[in-house]
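*Asks:* My questions will all concern the structure given below.
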Amino acid sequence: MAKINENFLELQESYLFSTVAKKVAKYTEENPSKKIIKLGIGDVTKPIAKACIEALHKAVDEIGTSSGFKGYGPEQGYDFLRKAIVENDYKSRGIEISEDEIFVSDGAKCDCGNIVDIFSKNNKVAITDPVYPVYLDTNVMSGRSGKYNKEKGIYENIVYLPVTAENNFIPEIPKEKVDMIYLCFPNNPTGTTLSKEELKKWVDYAKQNKAIILYDAAYEAFITEEDIPHTIYEIEGAKDVAIEFKSFSKTAGFTGVRCAYVVVPKQLMAYTEEGKAETLNKLWNRRTCTKFNGVSYIVQRAAEATYTPEGKKQIKENINYYMENAKIIKQGLETAGFTVYGGVNSPYIWLKVPEGITSWEFFDKLLEEVNVVGTPGSGFGPHGEGYFRLTAFGTKENTIEAIERIKNWKI
Ligand code: MLT
C-alpha cells in the first residue's frame, strides 16, 4: 500500500494565487462583458528588454551549429553568468562572493521551496506574518509546521513575527530560540523595507543562536531610497548566517522565461544532531546536482545580457515604469482616502481595508463593483487581515483606469 506524505493534509485550502485566479475565472465566466483589471499576482507586463532578446536569438542560433551545440550544462549555472552575477550584484557593492557560492536556478519560488531539503525537520522556523506563502507551505509539506490551529489560523510549531502598521512593519526579534528565519525585503506583500541597522539585529541574533536567515531579495531592484540594503551581505557578518535568493523575474521580466539564483556562502554552517558543523554550500551543491539539470543555456545568456550596459539601461527603464505605476496607485488611493503603505521601494502597495469588512470581503467587492483584482491580506497570514495588496506590474493604462475606478467608487 502506497502511503502519502501526510504533511500535505495539513496545508490550508489551495495556494493563495490559485484561489484568487479561480475566483476571477468564475466571475469572468459569469460576466463576460466586464473589463477586469488584474493587479493581483505580481506578474510583469512589459516585454523583455531588447538586449536580452538579442542575446536569446544569438544563443538560439549558436546551439543550432555543431560548434555551438550545448547538451547538459553545469547544474550550478554557466561560469559566464555566475561571473556576471558576482561582478555586478556583489563586487560592485564591495561584497566578496565567489562564483562557486552562486547557484543559478529556474526561479526564486522553487529555490525558497527547495532549500528546506537541506535542513533538519526538527528546526524551529520563524516567518514574518503576513508572508509570501511559499515559505510557510513548503515547511508544512516537509513536516516542520506541526498542526494547524483553525481558530487562531496558525501552525503550532511555527513562530510568527507580526509585521503590521502597529510596529511599523518591523519584525521583532523572537523571544524564543529559532533556527531558520525567513526574511524578505523589500517585503512581499507589505512593500516595506528594513534599514541596515534593523537587519543587523537579525544577523546578530542568527550568529548568537547559530540560526540561518533565508533572505529573499527578489525585489531589491525596486529600491529607490538611499541606505536600504540591496543584499543582506551588506551587513557585517551576514556571510556566516544567511542564504540569499535573487530573481530575474521581476527585475528583468523573466516570470515566463525563468531564471534566478541562490547565494550559499561557503563559510555558512549548520549542524548535525550531535552538533558537528557541516557546510551548507556542499549540501546545496549535492542537492542541486541530484535533482536539477540546470537552466537552459539560452536563458542564461539572456540573463547575462541584463548586466550589459544596454541591458542595465533597458531594465532600469522597465523598473522606472513600474515604479511610476506604484506612485499612481499610492497617490490615487491616498486621494481616495485609503491608508497606504509600501510602493516607494517596492512594486507592492499595501492598503488598509475599510473598517468592518475583511480582506476577502474587500476582494469580492472590488472585483464585483469596480472589476479590479488585488490580493487579500489575510491570504498572506493572520496579521494580513484588514489589509489588501495591489501590484504595480500592470500596464500604465490599466493602472490609471483601475485607480480612477477606485476613486469614483462608493464603497
Ligand atoms: C506574488 O504575487 O506574490 C508573486 O508574484 C508570486 C511569486 O513570485 O511567486
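Residue numbers start at 1 in each chain; chains themselves are named A, B, ... in the order of the C-alpha cells; ligands are numbered from 1 in the order shown.
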Would you mind listing, for every residue of chain A within 8 Å of ligand 1, the two atoms forming the shortest contact and the distance between them in Å to one decimal, using only C-alpha atoms and all ligand atoms, sorted by chain and ascending residue number, as JSON lines?

*Replies:*
{"residue": "A:Phe17", "atom": "CA", "partner": "ligand 1", "partner_atom_place_in_ligand_line": "2 (O)", "distance": 7.3}
{"residue": "A:Gly40", "atom": "CA", "partner": "ligand 1", "partner_atom_place_in_ligand_line": "2 (O)", "distance": 6.6}
{"residue": "A:Ile41", "atom": "CA", "partner": "ligand 1", "partner_atom_place_in_ligand_line": "2 (O)", "distance": 3.6}
{"residue": "A:Gly42", "atom": "CA", "partner": "ligand 1", "partner_atom_place_in_ligand_line": "5 (O)", "distance": 3.5}
{"residue": "A:Asp43", "atom": "CA", "partner": "ligand 1", "partner_atom_place_in_ligand_line": "5 (O)", "distance": 5.4}
{"residue": "A:Ala108", "atom": "CA", "partner": "ligand 1", "partner_atom_place_in_ligand_line": "8 (O)", "distance": 7.4}
{"residue": "A:Lys109", "atom": "CA", "partner": "ligand 1", "partner_atom_place_in_ligand_line": "9 (O)", "distance": 5.4}
{"residue": "A:Tyr132", "atom": "CA", "partner": "ligand 1", "partner_atom_place_in_ligand_line": "3 (O)", "distance": 6.1}
{"residue": "A:Val134", "atom": "CA", "partner": "ligand 1", "partner_atom_place_in_ligand_line": "9 (O)", "distance": 7.8}
{"residue": "A:Asn188", "atom": "CA", "partner": "ligand 1", "partner_atom_place_in_ligand_line": "3 (O)", "distance": 6.2}
{"residue": "A:Pro189", "atom": "CA", "partner": "ligand 1", "partner_atom_place_in_ligand_line": "3 (O)", "distance": 6.5}
{"residue": "A:Ser249", "atom": "CA", "partner": "ligand 1", "partner_atom_place_in_ligand_line": "8 (O)", "distance": 7.7}
{"residue": "A:Thr255", "atom": "CA", "partner": "ligand 1", "partner_atom_place_in_ligand_line": "8 (O)", "distance": 7.9}
{"residue": "A:Thr391", "atom": "CA", "partner": "ligand 1", "partner_atom_place_in_ligand_line": "2 (O)", "distance": 7.7}

*Asks:* I'd like the neighbourhood of Val264 in chain A as number ranges by chain, where a residue qualifies if any of its atoms comes within 9 Å (using only C-alpha atoms), though same-chain residues fewer than 6 positions away should be ignored.

*Replies:* A: 100-103, 239, 242-244, 280-281, 284

*Asks:* Let's have the selection written as a PDB file, in the first residue's frame, with C-alpha atoms.

*Replies:*
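Saved to part_19.pdb:
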ATOM      1  CA  ASP A 100      31.034  28.764  -6.592  1.00  0.00           C
ATOM      2  CA  GLU A 101      28.768  30.347  -3.987  1.00  0.00           C
ATOM      3  CA  ILE A 102      26.213  31.161  -6.722  1.00  0.00           C
ATOM      4  CA  PHE A 103      23.671  28.568  -7.871  1.00  0.00           C
ATOM      5  CA  LYS A 239      28.005  35.619   5.168  1.00  0.00           C
ATOM      6  CA  ALA A 242      22.500  33.979   5.524  1.00  0.00           C
ATOM      7  CA  ILE A 243      21.421  32.359   2.282  1.00  0.00           C
ATOM      8  CA  GLU A 244      20.179  34.896  -0.259  1.00  0.00           C
ATOM      9  CA  LEU A 280      25.550  24.269   3.596  1.00  0.00           C
ATOM     10  CA  ASN A 281      27.183  25.117   0.266  1.00  0.00           C
ATOM     11  CA  TRP A 284      23.055  22.535  -1.543  1.00  0.00           C
TER      12      TRP A 284
END

*Asks:* Between A:Gly77, A:Gly107, A:Pro174, A:Pro376, which residue has the minimum interatomic distance to Thr19 in chain A, considering only C-alpha atoms?

*Replies:*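 Using only C-alpha atoms, the shortest distance to Thr19 in chain A belongs to A:Pro376.
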
*Asks:* Among range 77-272 of chain A, which residues carry a DSSP assignment of strand (DSSP E or B), reported as a PyMOL selection string?

*Replies:* chain A and resi 102-105+125-129+148-149+154-155+158-162+180-184+212-216+242-247+260-263+269-271

*Asks:* Write a file of the selected residues as a tab-separated table (two decimals), in the first residue's frame, keeping N, CA and C atoms.

*Replies:*
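Now in out.tsv:
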chain	number	residue	atom	x	y	z
A	102	ILE	N	27.42	30.82	-5.97
A	102	ILE	CA	26.21	31.16	-6.72
A	102	ILE	C	25.64	29.90	-7.37
A	103	PHE	N	24.35	29.70	-7.23
A	103	PHE	CA	23.67	28.57	-7.87
A	103	PHE	C	22.52	29.12	-8.72
A	104	VAL	N	22.66	29.01	-10.02
A	104	VAL	CA	21.65	29.55	-10.94
A	104	VAL	C	20.49	28.55	-11.01
A	105	SER	N	19.27	29.08	-11.02
A	105	SER	CA	18.11	28.19	-10.99
A	105	SER	C	17.00	28.73	-11.89
A	125	VAL	N	11.11	27.13	12.87
A	125	VAL	CA	11.06	28.09	11.78
A	125	VAL	C	10.32	29.36	12.20
A	126	ALA	N	10.90	30.51	11.86
A	126	ALA	CA	10.21	31.79	12.10
A	126	ALA	C	9.90	32.44	10.76
A	127	ILE	N	8.69	32.93	10.63
A	127	ILE	CA	8.31	33.68	9.43
A	127	ILE	C	7.67	34.99	9.86
A	128	THR	N	7.79	35.99	9.01
A	128	THR	CA	7.04	37.21	9.30
A	128	THR	C	5.57	36.92	8.95
A	129	ASP	N	4.69	37.68	9.51
A	129	ASP	CA	3.26	37.47	9.26
A	129	ASP	C	2.62	38.84	9.06
A	148	TYR	N	-2.27	22.53	12.47
A	148	TYR	CA	-2.87	23.84	12.21
A	148	TYR	C	-3.94	24.13	13.26
A	149	ASN	N	-3.88	25.31	13.83
A	149	ASN	CA	-4.91	25.73	14.78
A	149	ASN	C	-5.91	26.61	14.03
A	154	ILE	N	-3.09	29.62	12.75
A	154	ILE	CA	-1.63	29.47	12.75
A	154	ILE	C	-1.22	28.01	12.99
A	155	TYR	N	0.00	27.68	12.63
A	155	TYR	CA	0.55	26.34	12.90
A	155	TYR	C	1.28	26.36	14.24
A	158	ILE	N	5.27	26.86	14.30
A	158	ILE	CA	5.87	27.98	13.57
A	158	ILE	C	5.86	29.23	14.46
A	159	VAL	N	6.96	29.96	14.42
A	159	VAL	CA	6.99	31.23	15.17
A	159	VAL	C	6.62	32.34	14.19
A	160	TYR	N	5.52	33.01	14.49
A	160	TYR	CA	5.04	34.09	13.63
A	160	TYR	C	5.54	35.43	14.15
A	161	LEU	N	6.08	36.24	13.27
A	161	LEU	CA	6.58	37.56	13.65
A	161	LEU	C	5.69	38.61	12.98
A	162	PRO	N	4.75	39.17	13.73
A	162	PRO	CA	3.81	40.11	13.10
A	162	PRO	C	4.52	41.32	12.49
A	180	MET	N	15.61	28.68	11.82
A	180	MET	CA	15.54	29.15	10.42
A	180	MET	C	14.61	30.37	10.40
A	181	ILE	N	15.11	31.44	9.81
A	181	ILE	CA	14.33	32.70	9.81
A	181	ILE	C	14.15	33.16	8.36
A	182	TYR	N	12.92	33.30	7.95
A	182	TYR	CA	12.66	33.81	6.60
A	182	TYR	C	12.46	35.32	6.67
A	183	LEU	N	13.28	36.05	5.91
A	183	LEU	CA	13.08	37.50	5.80
A	183	LEU	C	13.02	37.85	4.32
A	184	CYS	N	12.13	38.75	3.96
A	184	CYS	CA	12.00	39.20	2.57
A	184	CYS	C	11.93	40.71	2.57
A	212	ILE	N	19.97	30.22	10.80
A	212	ILE	CA	20.21	30.60	9.41
A	212	ILE	C	19.09	31.53	8.97
A	213	ILE	N	19.48	32.63	8.31
A	213	ILE	CA	18.49	33.55	7.72
A	213	ILE	C	18.33	33.19	6.25
A	214	LEU	N	17.10	33.00	5.84
A	214	LEU	CA	16.79	32.75	4.43
A	214	LEU	C	16.26	34.07	3.90
A	215	TYR	N	17.12	34.77	3.18
A	215	TYR	CA	16.82	36.16	2.82
A	215	TYR	C	16.38	36.26	1.36
A	216	ASP	N	15.13	36.64	1.17
A	216	ASP	CA	14.57	36.77	-0.17
A	216	ASP	C	14.71	38.23	-0.62
A	242	ALA	N	23.64	33.77	6.45
A	242	ALA	CA	22.50	33.98	5.52
A	242	ALA	C	22.67	33.34	4.15
A	243	ILE	N	21.56	32.80	3.67
A	243	ILE	CA	21.42	32.36	2.28
A	243	ILE	C	20.58	33.44	1.62
A	244	GLU	N	20.96	33.85	0.41
A	244	GLU	CA	20.18	34.90	-0.26
A	244	GLU	C	19.56	34.37	-1.56
A	245	PHE	N	18.32	34.77	-1.79
A	245	PHE	CA	17.59	34.39	-3.00
A	245	PHE	C	17.41	35.63	-3.87
A	246	LYS	N	17.76	35.49	-5.13
A	246	LYS	CA	17.57	36.61	-6.07
A	246	LYS	C	16.90	36.06	-7.34
A	247	SER	N	16.25	36.98	-8.04
A	247	SER	CA	15.47	36.52	-9.20
A	247	SER	C	15.55	37.51	-10.34
A	260	ALA	N	16.83	32.57	-11.96
A	260	ALA	CA	17.05	33.14	-10.63
A	260	ALA	C	18.38	32.60	-10.12
A	261	TYR	N	18.73	32.97	-8.90
A	261	TYR	CA	19.90	32.33	-8.31
A	261	TYR	C	19.85	32.39	-6.78
A	262	VAL	N	20.62	31.49	-6.19
A	262	VAL	CA	20.75	31.44	-4.72
A	262	VAL	C	22.22	31.66	-4.39
A	263	VAL	N	22.47	32.38	-3.32
A	263	VAL	CA	23.85	32.52	-2.84
A	263	VAL	C	23.97	31.73	-1.54
A	269	MET	N	27.55	27.56	8.00
A	269	MET	CA	27.49	26.23	8.62
A	269	MET	C	26.13	25.97	9.27
A	270	ALA	N	25.72	24.72	9.22
A	270	ALA	CA	24.62	24.28	10.08
A	270	ALA	C	25.08	22.95	10.69
A	271	TYR	N	24.29	22.39	11.58
A	271	TYR	CA	24.84	21.37	12.46
A	271	TYR	C	24.06	20.04	12.42

*Asks:* Ranking A:Ala238, A:Ile223, A:Ala49, A:Ile298 by minimum distance to Lys70 in chain A and counting only C-alpha atoms, which one comes first?

*Replies:*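 Of all the options, A:Ile298 lies closest to Lys70 in chain A.
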
*Asks:* Using only C-alpha atoms, which protein or nucleic acid residues come within 9 Å of range 315-331 of chain A? Drop anything in the same chain fewer than 4 positions from it, and give the result as a PyMOL selection string.

*Replies:* chain A and resi 44+46-49+221-222+224+250-253+306+310-311+335-336+340-351+390-396+399-400+402-403

*Asks:* Please determine, counting only C-alpha atoms, which residue among A:Ile37, A:Asn209, A:Gly275, A:Leu16 has the shortest atom-to-atom distance to Ile406 in chain A.

*Replies:*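 Residue with the minimum atom-to-atom distance to Ile406 in chain A: A:Ile37.
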
*Asks:* Please, which residues of range 41-246 of chain A, numbered as in this document, come out alpha helix (DSSP H) from DSSP, as a PyMOL selection string?

*Replies:* chain A and resi 50-63+79-85+108-114+133-141+196-209

*Asks:* Excluding range 356-358 of chain A and its own-chain neighbours fewer than 6 positions away, which residues fall within 12 Å of it when counting only C-alpha atoms? Please give them as a short mmCIF file (atom, residue, chain, number, x, y, z; two decimals) with all heavy atoms, in the first residue's frame.

*Replies:*
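What ended up in selection-v7.cif:
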data_model
loop_
_atom_site.label_atom_id
_atom_site.label_comp_id
_atom_site.auth_asym_id
_atom_site.auth_seq_id
_atom_site.Cartn_x
_atom_site.Cartn_y
_atom_site.Cartn_z
N ASP A 364 -13.84 40.66 -2.84
CA ASP A 364 -15.08 40.39 -3.59
C ASP A 364 -15.73 41.69 -4.07
O ASP A 364 -16.16 41.80 -5.21
CB ASP A 364 -16.08 39.60 -2.72
CG ASP A 364 -15.63 38.17 -2.50
OD1 ASP A 364 -14.88 37.64 -3.35
OD2 ASP A 364 -15.99 37.57 -1.46
N LYS A 365 -15.78 42.67 -3.18
CA LYS A 365 -16.42 43.94 -3.53
C LYS A 365 -15.65 44.64 -4.66
O LYS A 365 -16.24 45.15 -5.61
CB LYS A 365 -16.45 44.89 -2.30
CG LYS A 365 -17.61 44.63 -1.36
CD LYS A 365 -17.50 45.47 -0.10
CE LYS A 365 -18.13 46.83 -0.22
NZ LYS A 365 -19.57 46.83 -0.46
N PRO A 376 -6.04 39.59 -1.21
CA PRO A 376 -6.45 39.86 0.18
C PRO A 376 -5.31 39.61 1.17
O PRO A 376 -4.63 38.58 1.08
CB PRO A 376 -7.61 38.89 0.41
CG PRO A 376 -7.52 37.88 -0.67
CD PRO A 376 -6.72 38.45 -1.79
N GLY A 377 -5.13 40.54 2.07
CA GLY A 377 -4.03 40.44 3.04
C GLY A 377 -4.06 39.17 3.86
O GLY A 377 -3.01 38.60 4.15
N SER A 378 -5.26 38.71 4.23
CA SER A 378 -5.32 37.54 5.10
C SER A 378 -4.81 36.28 4.38
O SER A 378 -4.46 35.31 5.03
CB SER A 378 -6.75 37.31 5.61
OG SER A 378 -7.62 37.15 4.51
N GLY A 379 -4.75 36.32 3.07
CA GLY A 379 -4.18 35.19 2.32
C GLY A 379 -2.70 35.03 2.59
O GLY A 379 -2.12 33.98 2.33
N PRO A 382 -2.48 35.51 9.20
CA PRO A 382 -3.49 36.14 10.05
C PRO A 382 -3.27 37.64 10.28
O PRO A 382 -4.23 38.40 10.36
CB PRO A 382 -3.40 35.37 11.37
CG PRO A 382 -2.27 34.42 11.24
CD PRO A 382 -1.88 34.32 9.80
N HIS A 383 -2.00 38.08 10.36
CA HIS A 383 -1.78 39.52 10.55
C HIS A 383 -1.93 40.34 9.27
O HIS A 383 -1.75 41.56 9.29
CB HIS A 383 -0.43 39.78 11.22
CG HIS A 383 -0.45 39.49 12.70
ND1 HIS A 383 -0.18 38.25 13.22
CD2 HIS A 383 -0.78 40.29 13.74
CE1 HIS A 383 -0.31 38.29 14.53
NE2 HIS A 383 -0.68 39.51 14.88
N GLY A 384 -2.25 39.64 8.18
CA GLY A 384 -2.56 40.36 6.94
C GLY A 384 -4.04 40.73 6.88
O GLY A 384 -4.46 41.49 6.01
N GLU A 385 -4.81 40.19 7.81
CA GLU A 385 -6.25 40.52 7.85
C GLU A 385 -6.41 42.02 8.04
O GLU A 385 -5.69 42.64 8.84
CB GLU A 385 -6.94 39.74 8.97
CG GLU A 385 -8.44 39.96 9.05
CD GLU A 385 -9.17 39.65 7.74
OE1 GLU A 385 -9.27 40.55 6.88
OE2 GLU A 385 -9.63 38.52 7.58
N GLY A 386 -7.34 42.59 7.27
CA GLY A 386 -7.55 44.03 7.38
C GLY A 386 -6.70 44.82 6.38
O GLY A 386 -6.79 46.04 6.31
N TYR A 387 -5.89 44.09 5.61
CA TYR A 387 -5.05 44.75 4.58
C TYR A 387 -5.33 44.12 3.21
O TYR A 387 -5.98 43.06 3.10
CB TYR A 387 -3.56 44.57 4.90
CG TYR A 387 -3.11 45.28 6.15
CD1 TYR A 387 -3.11 44.62 7.39
CD2 TYR A 387 -2.65 46.59 6.10
CE1 TYR A 387 -2.67 45.26 8.54
CE2 TYR A 387 -2.21 47.24 7.25
CZ TYR A 387 -2.22 46.56 8.47
OH TYR A 387 -1.78 47.19 9.61
N PHE A 388 -4.78 44.76 2.20
CA PHE A 388 -5.02 44.32 0.82
C PHE A 388 -3.82 44.73 -0.02
O PHE A 388 -3.26 45.80 0.19
CB PHE A 388 -6.29 45.01 0.30
CG PHE A 388 -6.88 44.38 -0.91
CD1 PHE A 388 -7.67 43.23 -0.79
CD2 PHE A 388 -6.67 44.92 -2.17
CE1 PHE A 388 -8.23 42.65 -1.93
CE2 PHE A 388 -7.23 44.34 -3.30
CZ PHE A 388 -8.02 43.20 -3.18
N ILE A 411 -17.83 52.98 -1.85
CA ILE A 411 -17.70 51.70 -1.13
C ILE A 411 -18.66 51.62 0.05
O ILE A 411 -18.85 52.58 0.76
CB ILE A 411 -16.22 51.46 -0.72
CG1 ILE A 411 -16.09 50.07 -0.10
CG2 ILE A 411 -15.66 52.56 0.11
CD1 ILE A 411 -14.68 49.66 0.24
#

*Asks:* Determine, counting only C-alpha atoms, which protein, DNA and RNA residues have an atom within 8 Å of an atom of Val295 in chain A; residues of the same chain fewer than 2 positions away are not included. Present the result as a list in words.

*Replies:* Gly73, Glu75, Gly77, Val104, Ser105, Asp106, Cys259, Asn293, Tyr297, Val299 and Gln300 of chain A

*Asks:* Next, dump the selected residues to file, keeping only N, CA and C atoms, as a JSON list (two decimals), in the first residue's frame.

*Replies:*
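Result file follows (selection_9.json):
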[["chain", "number", "residue", "atom", "x", "y", "z"],
["A", 73, "GLY", "N", 24.20, 21.34, -19.24],
["A", 73, "GLY", "CA", 25.15, 22.35, -18.77],
["A", 73, "GLY", "C", 25.50, 22.06, -17.33],
["A", 75, "GLU", "N", 25.12, 22.02, -13.54],
["A", 75, "GLU", "CA", 23.89, 22.13, -12.73],
["A", 75, "GLU", "C", 23.82, 23.46, -11.99],
["A", 77, "GLY", "N", 24.96, 26.32, -12.96],
["A", 77, "GLY", "CA", 24.92, 27.50, -13.84],
["A", 77, "GLY", "C", 26.24, 27.65, -14.59],
["A", 104, "VAL", "N", 22.66, 29.01, -10.02],
["A", 104, "VAL", "CA", 21.65, 29.55, -10.94],
["A", 104, "VAL", "C", 20.49, 28.55, -11.01],
["A", 105, "SER", "N", 19.27, 29.08, -11.02],
["A", 105, "SER", "CA", 18.11, 28.19, -10.99],
["A", 105, "SER", "C", 17.00, 28.73, -11.89],
["A", 106, "ASP", "N", 15.88, 28.03, -11.87],
["A", 106, "ASP", "CA", 14.75, 28.45, -12.72],
["A", 106, "ASP", "C", 13.72, 29.27, -11.95],
["A", 259, "CYS", "N", 14.51, 32.46, -14.59],
["A", 259, "CYS", "CA", 15.91, 32.41, -14.16],
["A", 259, "CYS", "C", 16.06, 33.15, -12.83],
["A", 293, "ASN", "N", 19.00, 19.75, -13.50],
["A", 293, "ASN", "CA", 19.96, 19.70, -14.61],
["A", 293, "ASN", "C", 20.31, 21.07, -15.15],
["A", 297, "TYR", "N", 20.87, 26.91, -21.54],
["A", 297, "TYR", "CA", 21.95, 27.81, -21.98],
["A", 297, "TYR", "C", 21.39, 29.12, -22.50],
["A", 299, "VAL", "N", 18.61, 30.70, -21.93],
["A", 299, "VAL", "CA", 18.05, 31.56, -20.87],
["A", 299, "VAL", "C", 19.19, 32.20, -20.05],
["A", 300, "GLN", "N", 20.21, 31.43, -19.80],
["A", 300, "GLN", "CA", 21.34, 32.01, -19.04],
["A", 300, "GLN", "C", 22.04, 33.10, -19.84]]

*Asks:* List as a PyMOL selection string the protein and nucleic acid residues near Lys38 in chain A, meaning an atom at most 7 Å away when only C-alpha atoms are counted, but skip any in the same chain fewer than 2 places from it.

*Replies:* chain A and resi 36+40+372-374

*Asks:* Do you have the CA of Leu268 in chain A-CA of Gly146 in chain A distance handy?

*Replies:* 27.1 Å

*Asks:* When you look at Gly113 in chain A with a cut-off of 10 Å (counting only C-alpha atoms), what residues show up, excluding the ones that are within fewer than 6 positions of it in the same chain? I need them as a VMD selection string.

*Replies:* chain A and resid 107 134 to 139 141 to 142

*Asks:* Kindly save the residues from that selection, with N, CA and C atoms included, as a PDB file, in the first residue's frame.

*Replies:*
ATOM      1  N   GLY A 107      14.032  29.729 -10.751  1.00  0.00           N
ATOM      2  CA  GLY A 107      13.080  30.614 -10.074  1.00  0.00           C
ATOM      3  C   GLY A 107      13.296  30.688  -8.583  1.00  0.00           C
ATOM      4  N   VAL A 134       4.867  30.750   0.096  1.00  0.00           N
ATOM      5  CA  VAL A 134       5.762  29.623  -0.229  1.00  0.00           C
ATOM      6  C   VAL A 134       6.620  29.201   0.973  1.00  0.00           C
ATOM      7  N   TYR A 135       7.082  30.171   1.756  1.00  0.00           N
ATOM      8  CA  TYR A 135       7.952  29.821   2.898  1.00  0.00           C
ATOM      9  C   TYR A 135       7.197  28.920   3.874  1.00  0.00           C
ATOM     10  N   LEU A 136       5.975  29.315   4.159  1.00  0.00           N
ATOM     11  CA  LEU A 136       5.200  28.551   5.132  1.00  0.00           C
ATOM     12  C   LEU A 136       4.782  27.192   4.560  1.00  0.00           C
ATOM     13  N   ASP A 137       4.159  27.223   3.395  1.00  0.00           N
ATOM     14  CA  ASP A 137       3.607  25.981   2.825  1.00  0.00           C
ATOM     15  C   ASP A 137       4.681  24.903   2.632  1.00  0.00           C
ATOM     16  N   THR A 138       5.880  25.311   2.221  1.00  0.00           N
ATOM     17  CA  THR A 138       6.912  24.296   1.988  1.00  0.00           C
ATOM     18  C   THR A 138       7.426  23.719   3.314  1.00  0.00           C
ATOM     19  N   ASN A 139       7.320  24.493   4.372  1.00  0.00           N
ATOM     20  CA  ASN A 139       7.673  23.937   5.681  1.00  0.00           C
ATOM     21  C   ASN A 139       6.575  23.047   6.234  1.00  0.00           C
ATOM     22  N   MET A 141       4.724  21.177   4.190  1.00  0.00           N
ATOM     23  CA  MET A 141       4.913  19.957   3.381  1.00  0.00           C
ATOM     24  C   MET A 141       6.058  19.096   3.900  1.00  0.00           C
ATOM     25  N   SER A 142       7.088  19.756   4.434  1.00  0.00           N
ATOM     26  CA  SER A 142       8.243  18.971   4.867  1.00  0.00           C
ATOM     27  C   SER A 142       8.214  18.666   6.367  1.00  0.00           C
TER      28      SER A 142
END

*Asks:* Which value, in Å to one decimal, gives the distance between CA of Ser18 in chain A and CA of Asp111 in chain A?

*Replies:*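 These atoms are spaced 19.5 Å apart.
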
*Asks:* In Å, with one decimal, what is the gap from CA of Glu274 in chain A to CA of Lys201 in chain A?

*Replies:*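 A separation of 27.8 Å between them.
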